[in-house]
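Worksheet: one structure, shown below.
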Amino acid sequence: MPRPESNPFRKFFSFNLEKNTSTCLVESDNHRCGKEISGKHGTNLTNHIKRCHFEVLEKNEKEKALKKLEKNKPSEVNSSKTELPKIDQFLTKSVSVRITKESIKEACVLLCTVDGRPFSCVNDVGFRLLLDPIIKGMGCENFINPQNVRDSVVEKADLLTKKIRKEVEGKVVSLKIDGLTHLARSFIGVNIQYINNGKIVLRTLATEEMFACHTGQHLKDVVLTILSRFGISSKQVYSCTTDNGRNMLKMVELLNQDCEDESDEQEDADDEMSCLSNFDFDSKCIGIKCAAHTLQLAVNSVLNKREFSGAIASARSLVKKLRTPIHGFSIDWTMVTL
């Protein structure tokens with residue numbers, strides 16, 4: 001025999017056997033919800049009530065508390081001596097907080113950008129249980145959904161792009177470029193550094209996914225595309241810091257060629273970058289090899305030599321033993337001299 005259907009929210013749904021869908025019958029503001037849910041699984045029906053009809057959920061919790069109160073009601077013999085518990089003991093106390101619509105939207109934007117959560121997280125059941133009562137108390141429509149949060153992120157990105165465009169207008173910048181590969185996906189990161197109001201400013205322009213071979217030409221095209229979004233021309237690039245990869249060095253060479261071509265084209269044209277006319281520097285982009293990457297290559301080159309392999313293997317074995325609690329606690333560290 002099948003299990004009995006004891007979900008209290010089934011009475012708010014109408015099941016269509018042919019379509020295998022459950023239609024919500026809850027009415028709010030003289031309007032029936034009408035949401036269709038696949039199947040008639042109790043958990044799916046409950047999740048819909050939690051997300052969209054908090055008043056039904058609240059009413060059901062009160063009814064459960066009253067039933068529990070009736071169940072625990074003392075007998076008539078001891079009723080005169082026993083004080084009935086108050087219903088507030090079974091209900092969660094409410095709190096009042098000061099919050100605005102803009103602050104809620106800002107928090108969701110930070111959740112999906114700084115914290116790295118997906119846009120779909122705003123539809124999580126636990127999150128909606130916290131958010132929906134607040135939205136209901138503010139007396140406004142449900143303005144938090146994945147699409148609205150996505151639009152807010154794009155709006156914030158556009159404002160930041162305009163700010164950077166204004167700050168770098170007519171200024172020389174230094175690029176810092178690096179690439180990585182993770183789980184068969186390749187990315188390139190582009191940072192710029194410039195001086196604004198006497199202070200050094202570091203901005204991350206993009207973390208772009210690469211879908212083609214990492215040739216010097218393709219890297220140059222991707223970097224110039226990113227720079228063009230912020231109104232930065234190749235003539236404004238003073239230096240470019242990269243690793244020692246041949247494709248990165250080739251990219252810097254191609255950037256230099258673009259700078260020379262751009263300078264030749266603008267010899268007879270009006271100088272649109274009058275702010276740079278007071279600077280006297282070579283129009284070529286200076287290629288700088290990353291010191292940390294160079295040091296890493298030098299250290300790896302030394303460690304890979306045969307005469308050091310025995311000492312390194314012994315050191316690794318010793319460290320492995322010392323990290324084991326049994327061996328670590330057996331050493332009298334007071335006798336060890338540093």
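Chain labels run A, B, ... following the order of the structure tokens; each chain numbers its residues from 1, and ligands are numbered from 1 in the order shown.
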
So that I can check the secondary structure, give me every residue of stretch 106-163 of chain A assigned helix (DSSP H, G or I) by backbone DSSP, as an MDAnalysis selection string. chainID A and resid 106:113 119:123 125:138 146:163

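The list of residues with at least one atom within 8 Å of A:Val26, based on only C-alpha atoms and without residues fewer than 5 positions apart in the same chain, reads Phe12, Phe13, Arg32, Cys33, Gly34 and His53 of chain A.
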
Please produce an output containing N, CA, C and O atoms for each residue in the selection, written as a PDB file, in the first residue's frame.
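And here's part.pdb as it stands now:
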```pdb
ATOM      1  N   PHE A  12      -4.098  22.902  -0.917  1.00  0.00           N
ATOM      2  CA  PHE A  12      -4.000  24.140  -1.677  1.00  0.00           C
ATOM      3  C   PHE A  12      -3.638  23.896  -3.138  1.00  0.00           C
ATOM      4  O   PHE A  12      -3.351  24.840  -3.868  1.00  0.00           O
ATOM      5  N   PHE A  13      -3.654  22.640  -3.574  1.00  0.00           N
ATOM      6  CA  PHE A  13      -3.268  22.305  -4.943  1.00  0.00           C
ATOM      7  C   PHE A  13      -4.312  21.388  -5.567  1.00  0.00           C
ATOM      8  O   PHE A  13      -4.982  20.595  -4.880  1.00  0.00           O
ATOM      9  N   ARG A  32      -5.846  34.359  -8.037  1.00  0.00           N
ATOM     10  CA  ARG A  32      -5.377  32.996  -7.798  1.00  0.00           C
ATOM     11  C   ARG A  32      -3.959  32.845  -8.348  1.00  0.00           C
ATOM     12  O   ARG A  32      -3.636  33.333  -9.437  1.00  0.00           O
ATOM     13  N   CYS A  33      -3.133  32.147  -7.602  1.00  0.00           N
ATOM     14  CA  CYS A  33      -1.734  31.973  -7.994  1.00  0.00           C
ATOM     15  C   CYS A  33      -1.629  31.238  -9.329  1.00  0.00           C
ATOM     16  O   CYS A  33      -1.032  31.720 -10.276  1.00  0.00           O
ATOM     17  N   GLY A  34      -2.200  30.031  -9.427  1.00  0.00           N
ATOM     18  CA  GLY A  34      -2.210  29.297 -10.680  1.00  0.00           C
ATOM     19  C   GLY A  34      -0.878  28.702 -11.106  1.00  0.00           C
ATOM     20  O   GLY A  34      -0.733  28.245 -12.234  1.00  0.00           O
ATOM     21  N   HIS A  53       3.964  31.971  -0.730  1.00  0.00           N
ATOM     22  CA  HIS A  53       2.783  32.214   0.102  1.00  0.00           C
ATOM     23  C   HIS A  53       3.164  32.078   1.573  1.00  0.00           C
ATOM     24  O   HIS A  53       2.817  31.082   2.234  1.00  0.00           O
TER      25      HIS A  53
END
```

A:Asn247: which residues within 6 Å, counting only C-alpha atoms, same-chain residues fewer than 3 positions away excluded, as a ChimeraX atom specification? /A:215-216,250

Would you save the residues from that selection as a compact mmCIF listing (two decimals), in the first residue's frame, using N, CA, C and O atoms?
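This went into part-v8.txt:
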```txt
# COMPACT_ATOMS: atom_id res chain seq x y z
N THR A 215 48.36 32.16 -28.81
CA THR A 215 49.44 32.74 -29.60
C THR A 215 49.61 34.20 -29.24
O THR A 215 48.72 34.84 -28.65
N GLY A 216 50.78 34.74 -29.60
CA GLY A 216 51.02 36.14 -29.30
C GLY A 216 50.01 37.06 -29.97
O GLY A 216 49.57 38.05 -29.38
N LYS A 250 56.04 37.69 -27.22
CA LYS A 250 55.63 38.02 -28.58
C LYS A 250 54.48 39.00 -28.58
O LYS A 250 54.40 39.91 -29.43
```

Nearest residue to A:Cys240 from the set A:Ser103, A:Asn47, A:Asn196, A:Asn191 (distances using only C-alpha atoms): A:Asn191

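Proximity to stretch 152-164 of chain A at 7 Å, evaluated using only C-alpha atoms and with sequence-adjacent residues fewer than 3 positions away removed, yields Val109, Asn148, Val149, Glu167, Val168 and Phe230 of chain A.
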
Using only C-alpha atoms, pick whichever of A:Cys24, A:Met138, A:Cys108, A:Cys52 has the shortest atom-to-atom distance to A:Arg10. A:Cys24

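Nearest to A:Arg150 of all the residues A:Glu106, A:Asp124, A:Glu307, A:Asp29 is A:Glu106, based on only C-alpha atoms.
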
Could you pull out the residues in stretch 187-310 of chain A that DSSP calls strand (DSSP E) from the backbone, as a ChimeraX atom specification? /A:187-196,199-210,237-242,286-289

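In this structure, atom CA of A:Ile232 sits 24.7 Å away from atom CA of A:Asn244.
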